[in-house]
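Student: I have a structure I would like to understand better, so I am pasting it below and will then ask my questions one at a time.
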2 protein chains.
Amino acid sequence: MDNFILNFLTEWRKLDLPFEDATFIAAVSGGADSVSLLLALYELRRMKKLNLRFVIAHYNHDLRGEESEKDEQFVKNLASEFGFELALGRGKISQEGNLEQNARIARYEFLTRTAENLHAQGILTAHTLNDQAETFLINLIRGSGIDGLGGMKAVRSLKSQVPSPKSEDSKIQNLKSKILLVRPLLNWAKREDTENICHLNNIEYRHDSMNENLAFKRVRIRKVLLPLLEDFNPKIVETLAKTAFLLQHDFAELKKSAEQNTQSENNELLLKDIKNLSSSMRQHILREWLKNNRGNLRSLDTKHFEAIENLIFSQKSGKKIELPNREAVVKEDGKLFFRKLKVEKSPPDNYNQE
Amino acid sequence: MDNFILNFLTEWRKLDLPFEDATFIAAVSGGADSVSLLLALYELRRMKKLNLRFVIAHYNHDLRGEESEKDEQFVKNLASEFGFELALGRGKISQEGNLEQNARIARYEFLTRTAENLHAQGILTAHTLNDQAETFLINLIRGSGIDGLGGMKAVRSLKSQVPSPKSEDSKIQNLKSKILLVRPLLNWAKREDTENICHLNNIEYRHDSMNENLAFKRVRIRKVLLPLLEDFNPKIVETLAKTAFLLQHDFAELKKSAEQNTQSENNELLLKDIKNLSSSMRQHILREWLKNNRGNLRSLDTKHFEAIENLIFSQKSGKKIELPNREAVVKEDGKLFFRKLKVEKSPPDNYNQE
């Protein structure tokens with residue numbers, strides 16, 4: 001068995017994933033990373049090491065005209081050649097704001113819907129050590145704390161993307177679905193390993209022209225920053241990915257220990273508990289609490305957290321910190337409460353643009 | 001009062017340092033950073049905000065011929081001009097191994113001896129946010145865990161440098177002395193702030209030609225890596241220094257929580273305690289334990305820690321892991337012991353070369 005395939009199987013075991021009676025969706029863009037994933041799944045299914053149903057999923061972002069069409073055709077052919085079921089998605093991505101992020105959100109919505117429809121246990125993506133190192137650097141440069149520096153996890157649960165029929169709006173619900181997001185290459189495979197296994201098997205892969213576009217921060221990190229860091233340490237990709245991995249585990253410890261020291265019921269937090277924490281732990285607890293209440297931490301920045309920190313220690317009671325999207329943190333009766341502020345019946349004209 | 005002086009005083013208060021009846025040694029190389037430190041001490045003494053005895057200490061590493069002599073003369077003049085007592089040290093630095101490290105060790109030995117002789121409470125060094133950011137990057141590239149990524153502390157106790165008369169060799173003893181190493185600029189001053197305050201006061205400072213020598217990793221970090229990172233984030237120095245600061249506190253939390261869960265008596269460690277820890281906490285505990293027993297972690301690397309990790313979980317008892325310098329970790333009776341292996345009476349010829 002090729003080393004790549006062997007490492008894949010070892011990692012599958014380490015991640016405690018099932019060997020039979022389950023469905024997994026494999027996200028395949030057509031690049032070397034995801035083609036190597038497809039190859040590994042094919043080999044391990046053929047050798048009856050993994051007796052699972054794999055469905056290849058490809059999302060056409062329709063961002064690169066003919067190139068996007070060719071990618072889709074390529075994955076179609078690949079799936080049929082290797083005898084995999086195929087799910088195709090397509091959508092026009094909003095060009096407003098962060099293009100990469102809009103594309104990612106649309107792609108994950110499609111993948112999650114596909115997984116839910118097929119009652120799949122998980123979605124497999126082909127992120128490598130290189131992706132982890134790049135994510136680490138992006139977060140480091142942005143100024144993330146230990147939480148963000150931990151980077152991607154090899155396994156985590158996905159938030160459900162399907163709006164509940166009873167819900168009043170169509171926003172993504174903050175429900176942990178049972179679907180796992182699994183990155184079986186993340187902890188051991190370098191990008192060059194994925195290219196090598198494709199070459200070795202005489203399998204073509206596609207090149208995304210956006211991966212050459214230095215307008216994207218991630219591309220500049222990959223093409224400019226990482227090569228410079230390699231002058232200092234030839235194994236910088238492995239080193240940074242390992243650092244992320246260690247910090248991820250340190251963060252989990254911190255969280256566990258902070259949670260043991262804090263009681264949080266639904267949308268309230270006891271002030272005396274969090275006052276006793278060190279400032280770094282208090283920040284972790286507050287972030288978790290807000291994440292649980294809001295679904296994510298989007299549009300919150302340092303100034304919101306500093307305001308909440310001040311609120312906690314200020315003498316006045318009944319004060320409140322307004323957050324974006326008509327939400328607030330309110331201090332009352334020795335507790336912090338998370339509140340959604342009431343929406344006015346007749347919103348102003350610019351209401352929908354917020 | 002100039003902002004620089006005001007920030008200095010605020011930080012002095014934050015670091016809980018005394019305002020009277022104490023002696024501090026200020027390490028002054030003659031560069032902008034340390035000259036700004038001297039200036040701040042002068043101003044705060046003049047304004048009677050700090051009623052302390054300050055002694056300027058300068059160490060001549062004698063590495064740059066005439067330049068070194070001129071630095072010494074410059075600091076001599078500066079001290080006399082500003083009415084500070086002066087302690088001068090000088091030594092030939094070994095060119096073998098890491099020159100920067102050898103120079104640092106010699107310098108700190110001199111500073112600590114000076115502080116001990118004068119019964120000083122602490123040594124002040126002029127490290128800035130820039131030094132912290134550079135240290136962070138050096139440790140990141142090297143592959144440090146959260147411990148090293150925390151970087152320098154604004155206050156820590158020094159190890160005593162004076163060999164105990166009863167001690168069998170003249171090695172540095174693992175005794176925490178009462179002398180503090182204090183970095184009053186570390187958490188807020190940028191290098192340009194120190195240059196500005198010198199210019200503002202029409203005070204010259206010296207330029208160390210070694211700071212231009214790209215053969216030194218730290219210089220390459222400063223002159224090549226950081227400018228590139230500034231393209232991504234103009235406030236990268238502040239960002240990295242803040243990250244180090246946060247990780248330093250996260251590490252302190254982890255350590256506290258790990259220590260609460262572990263009993264360690266002198267040179268032994270209960271296996272059942274450390275087996276229950278997560279792998280990241282176990283590593284922290286092992287590192288602390290070895291540091292306490294050895295004085296430092298020098299010449300230990302990943303393979304030693306992996307071997308100890310295997311020793312902890314292996315079924316065989318009575319096994320031992322040899323460490324450098326005839327030391328070992330031994331597993332016996334459900335405990336780990338740190339042992340110094342016996343030295344043979346007639347050492348082989350190459351004995352002294354180890």
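Going by the structure tokens order, chains are called A, B, ..., each with residues numbered from 1, while ligands are numbered from 1 in the order shown.
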Using only C-alpha atoms, I'd like every residue of chain A that has an atom within 9 Å of chain B; please write them out as a VMD selection string.
Tutor: chain A and resid 140 to 146 217 224 to 225 228 to 229 232 to 233 236 239 to 240 242 to 243 246 to 247 249 to 251 253 to 254 257 278 to 281
Student: Just to be explicit: take each residue in the selection above, keep N, CA, C and O atoms, and write the result as a compact mmCIF listing (two decimals), in the first residue's frame.
Tutor:
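Ended up saving to out.txt:
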```txt
# COMPACT_ATOMS: atom_id res chain seq x y z
N LEU A 140 -2.56 34.84 12.94
CA LEU A 140 -1.50 35.51 13.71
C LEU A 140 -1.40 36.97 13.30
O LEU A 140 -1.33 37.88 14.13
N ILE A 141 -1.38 37.22 11.99
CA ILE A 141 -1.25 38.57 11.46
C ILE A 141 -2.47 39.41 11.84
O ILE A 141 -2.36 40.60 12.13
N ARG A 142 -3.62 38.79 11.88
CA ARG A 142 -4.86 39.49 12.24
C ARG A 142 -4.89 39.83 13.73
O ARG A 142 -5.60 40.74 14.14
N GLY A 143 -4.12 39.07 14.53
CA GLY A 143 -4.11 39.34 15.97
C GLY A 143 -5.03 38.44 16.77
O GLY A 143 -5.52 38.83 17.82
N SER A 144 -5.26 37.22 16.28
CA SER A 144 -6.12 36.28 17.02
C SER A 144 -5.46 35.86 18.33
O SER A 144 -4.23 35.81 18.42
N GLY A 145 -6.27 35.52 19.30
CA GLY A 145 -5.76 34.91 20.52
C GLY A 145 -5.57 33.41 20.31
O GLY A 145 -5.63 32.91 19.19
N ILE A 146 -5.35 32.71 21.41
CA ILE A 146 -5.04 31.28 21.35
C ILE A 146 -6.14 30.50 20.64
O ILE A 146 -5.87 29.50 19.97
N LYS A 217 -5.08 37.59 0.15
CA LYS A 217 -4.12 37.53 1.25
C LYS A 217 -3.53 36.13 1.38
O LYS A 217 -2.33 35.96 1.57
N VAL A 224 4.60 34.46 -0.86
CA VAL A 224 5.62 35.45 -0.47
C VAL A 224 6.13 35.19 0.95
O VAL A 224 7.33 35.08 1.19
N LEU A 225 5.20 35.09 1.88
CA LEU A 225 5.61 34.99 3.29
C LEU A 225 6.21 33.62 3.61
O LEU A 225 7.29 33.53 4.20
N LEU A 228 9.78 32.98 2.46
CA LEU A 228 10.76 33.71 3.27
C LEU A 228 10.97 33.00 4.60
O LEU A 228 12.11 32.84 5.07
N LEU A 229 9.88 32.53 5.21
CA LEU A 229 10.00 31.81 6.48
C LEU A 229 10.77 30.50 6.30
O LEU A 229 11.45 30.04 7.22
N PHE A 232 14.38 30.58 7.04
CA PHE A 232 14.72 30.47 8.45
C PHE A 232 14.61 29.03 8.93
O PHE A 232 15.38 28.57 9.75
N ASN A 233 13.57 28.34 8.44
CA ASN A 233 13.31 26.97 8.89
C ASN A 233 12.69 26.20 7.72
O ASN A 233 11.52 26.43 7.38
N ILE A 236 9.14 24.86 7.99
CA ILE A 236 8.26 25.84 8.62
C ILE A 236 6.79 25.44 8.52
O ILE A 236 6.02 25.67 9.47
N THR A 239 6.20 22.96 11.17
CA THR A 239 6.37 23.62 12.46
C THR A 239 5.15 24.45 12.82
O THR A 239 4.63 24.35 13.94
N LEU A 240 4.66 25.25 11.87
CA LEU A 240 3.50 26.09 12.16
C LEU A 240 2.24 25.25 12.38
O LEU A 240 1.42 25.54 13.25
N LYS A 242 2.15 22.24 13.53
CA LYS A 242 2.31 21.61 14.84
C LYS A 242 1.98 22.61 15.96
O LYS A 242 1.31 22.27 16.94
N THR A 243 2.46 23.84 15.79
CA THR A 243 2.17 24.90 16.77
C THR A 243 0.66 25.10 16.90
O THR A 243 0.12 25.17 18.01
N LEU A 246 -0.81 22.21 18.82
CA LEU A 246 -0.55 22.28 20.26
C LEU A 246 -1.41 23.37 20.92
O LEU A 246 -1.97 23.16 21.99
N LEU A 247 -1.51 24.51 20.26
CA LEU A 247 -2.31 25.60 20.84
C LEU A 247 -3.79 25.24 20.88
O LEU A 247 -4.52 25.62 21.78
N HIS A 249 -4.92 22.33 21.48
CA HIS A 249 -5.12 21.48 22.65
C HIS A 249 -4.97 22.28 23.94
O HIS A 249 -5.70 22.07 24.90
N ASP A 250 -4.04 23.24 23.95
CA ASP A 250 -3.92 24.12 25.12
C ASP A 250 -5.22 24.89 25.32
O ASP A 250 -5.68 25.06 26.45
N PHE A 251 -5.78 25.36 24.23
CA PHE A 251 -7.02 26.12 24.33
C PHE A 251 -8.15 25.25 24.88
O PHE A 251 -8.94 25.69 25.72
N GLU A 253 -7.85 22.79 26.91
CA GLU A 253 -7.60 22.67 28.35
C GLU A 253 -8.10 23.90 29.09
O GLU A 253 -8.75 23.82 30.13
N LEU A 254 -7.73 25.05 28.57
CA LEU A 254 -8.12 26.32 29.20
C LEU A 254 -9.62 26.42 29.31
O LEU A 254 -10.17 26.82 30.34
N SER A 257 -11.06 24.00 31.89
CA SER A 257 -10.81 24.44 33.24
C SER A 257 -11.62 25.70 33.57
O SER A 257 -12.11 25.85 34.70
N SER A 278 -9.00 34.75 35.77
CA SER A 278 -7.98 35.63 35.22
C SER A 278 -8.55 36.27 33.96
O SER A 278 -9.49 35.76 33.36
N SER A 279 -7.95 37.36 33.55
CA SER A 279 -8.50 38.08 32.41
C SER A 279 -8.50 37.22 31.14
O SER A 279 -9.44 37.27 30.34
N SER A 280 -7.49 36.40 30.97
CA SER A 280 -7.45 35.59 29.74
C SER A 280 -8.57 34.54 29.75
O SER A 280 -9.22 34.30 28.74
N MET A 281 -8.80 33.94 30.91
CA MET A 281 -9.89 32.95 31.00
C MET A 281 -11.25 33.60 30.86
O MET A 281 -12.15 33.04 30.26
```
Student: Do you know which residues are at most 6 Å from Leu52 in chain A counting only C-alpha atoms, after dropping those on the same chain fewer than 2 positions away, and could you put them as a PyMOL selection string?
Tutor: chain A and resi 20-23+50
Student: Would you mind listing what lies within 9 Å of range 77-93 of chain A as a list in words, with only C-alpha atoms counted and same-chain residues fewer than 3 positions away left out?
Tutor: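 The residues that qualify are Ile25, Gly30, Val35, Leu38, Leu39, Tyr42, Arg53, Phe54, Val55, Ile56, Ala57, His58, Tyr59, Asn60, His61, Asp62, Leu63, Glu72, Gln73, Phe74, Glu96, Leu99, Asn102, Ala103, Ala106, Arg107, Phe110, Leu111 and Thr114 of chain A.
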Student: For the residues in that selection, give me C-alpha atoms as a tab-separated table (two decimals), in the first residue's frame.
Tutor:
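Final file, part-v8.tsv:
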```tsv
chain	number	residue	atom	x	y	z
A	25	ILE	CA	-19.56	13.42	1.44
A	30	GLY	CA	-10.57	19.21	-8.68
A	35	VAL	CA	-8.11	14.61	-6.03
A	38	LEU	CA	-10.69	10.95	-3.86
A	39	LEU	CA	-7.82	8.62	-4.75
A	42	TYR	CA	-11.11	4.88	-3.95
A	53	ARG	CA	-20.65	5.05	0.98
A	54	PHE	CA	-18.73	8.01	-0.41
A	55	VAL	CA	-20.45	10.72	-2.42
A	56	ILE	CA	-18.30	13.24	-4.27
A	57	ALA	CA	-19.63	16.79	-3.99
A	58	HIS	CA	-18.53	19.65	-6.20
A	59	TYR	CA	-19.71	23.23	-5.96
A	60	ASN	CA	-19.41	25.47	-9.01
A	61	HIS	CA	-18.95	29.02	-7.71
A	62	ASP	CA	-19.24	30.25	-11.26
A	63	LEU	CA	-16.52	32.81	-10.57
A	72	GLU	CA	-17.03	20.82	-12.93
A	73	GLN	CA	-16.67	18.64	-16.03
A	74	PHE	CA	-13.33	17.37	-14.73
A	96	GLU	CA	-19.75	42.36	-2.15
A	99	LEU	CA	-15.25	37.20	-1.96
A	102	ASN	CA	-18.82	34.51	0.49
A	103	ALA	CA	-17.67	31.60	-1.68
A	106	ALA	CA	-22.08	29.20	-0.17
A	107	ARG	CA	-19.95	26.07	-0.60
A	110	PHE	CA	-24.30	23.27	-0.28
A	111	LEU	CA	-22.12	20.60	1.35
A	114	THR	CA	-26.13	17.53	0.61
```
Student: What is the distance between CA of His119 in chain B and CA of Arg183 in chain B, in Å to one decimal?
Tutor: 18.8 Å
Student: Pick from A:Lys70, A:His284, A:Lys272, A:Lys342: nearest to Phe313 in chain A, with only C-alpha atoms counted?
Tutor: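 For Phe313 in chain A, the nearest of the candidates is A:Lys272.
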Student: From a DSSP calculation on the backbone, collect every residue of range 162-265 of chain B in strand (DSSP E or B) and output the set as number ranges by chain.
Tutor: B: 176-182, 264-265
Student: For the selection you just gave me, I'd like the residues written to a file as a PDB file, in the first residue's frame, keeping N, CA, C and O atoms.
Tutor:
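part_34.pdb, freshly written:
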```
ATOM      1  N   LYS B 176      16.473  30.607  42.968  1.00  0.00           N
ATOM      2  CA  LYS B 176      15.828  31.851  42.598  1.00  0.00           C
ATOM      3  C   LYS B 176      16.361  32.919  43.542  1.00  0.00           C
ATOM      4  O   LYS B 176      16.218  32.804  44.749  1.00  0.00           O
ATOM      5  N   SER B 177      17.030  33.903  43.013  1.00  0.00           N
ATOM      6  CA  SER B 177      17.491  34.979  43.869  1.00  0.00           C
ATOM      7  C   SER B 177      16.325  35.935  44.061  1.00  0.00           C
ATOM      8  O   SER B 177      15.294  35.818  43.428  1.00  0.00           O
ATOM      9  N   LYS B 178      16.523  36.886  44.976  1.00  0.00           N
ATOM     10  CA  LYS B 178      15.444  37.837  45.200  1.00  0.00           C
ATOM     11  C   LYS B 178      15.509  38.983  44.206  1.00  0.00           C
ATOM     12  O   LYS B 178      14.696  39.895  44.225  1.00  0.00           O
ATOM     13  N   ILE B 179      16.526  38.965  43.363  1.00  0.00           N
ATOM     14  CA  ILE B 179      16.689  40.061  42.407  1.00  0.00           C
ATOM     15  C   ILE B 179      15.711  39.893  41.240  1.00  0.00           C
ATOM     16  O   ILE B 179      15.573  38.814  40.672  1.00  0.00           O
ATOM     17  N   LEU B 180      15.046  40.988  40.915  1.00  0.00           N
ATOM     18  CA  LEU B 180      14.089  40.954  39.808  1.00  0.00           C
ATOM     19  C   LEU B 180      14.744  41.426  38.524  1.00  0.00           C
ATOM     20  O   LEU B 180      15.592  42.317  38.538  1.00  0.00           O
ATOM     21  N   LEU B 181      14.344  40.806  37.435  1.00  0.00           N
ATOM     22  CA  LEU B 181      14.687  41.348  36.123  1.00  0.00           C
ATOM     23  C   LEU B 181      13.445  42.092  35.643  1.00  0.00           C
ATOM     24  O   LEU B 181      12.388  41.490  35.470  1.00  0.00           O
ATOM     25  N   VAL B 182      13.575  43.396  35.476  1.00  0.00           N
ATOM     26  CA  VAL B 182      12.413  44.236  35.164  1.00  0.00           C
ATOM     27  C   VAL B 182      12.586  44.870  33.784  1.00  0.00           C
ATOM     28  O   VAL B 182      13.651  45.397  33.465  1.00  0.00           O
ATOM     29  N   SER B 264       4.047  16.911  43.122  1.00  0.00           N
ATOM     30  CA  SER B 264       5.426  16.615  42.764  1.00  0.00           C
ATOM     31  C   SER B 264       6.278  16.929  43.970  1.00  0.00           C
ATOM     32  O   SER B 264       6.280  18.047  44.473  1.00  0.00           O
ATOM     33  N   GLU B 265       6.962  15.917  44.497  1.00  0.00           N
ATOM     34  CA  GLU B 265       7.800  16.143  45.662  1.00  0.00           C
ATOM     35  C   GLU B 265       9.244  16.036  45.234  1.00  0.00           C
ATOM     36  O   GLU B 265       9.690  14.990  44.777  1.00  0.00           O
TER      37      GLU B 265
END
```
Student: Give me, as number ranges by chain, all polymer residues having an atom no more than 10 Å from Asn211 in chain A, counting only C-alpha atoms and skipping those fewer than 5 positions away in the same chain.
Tutor: A: 216, 218-220, 222-223
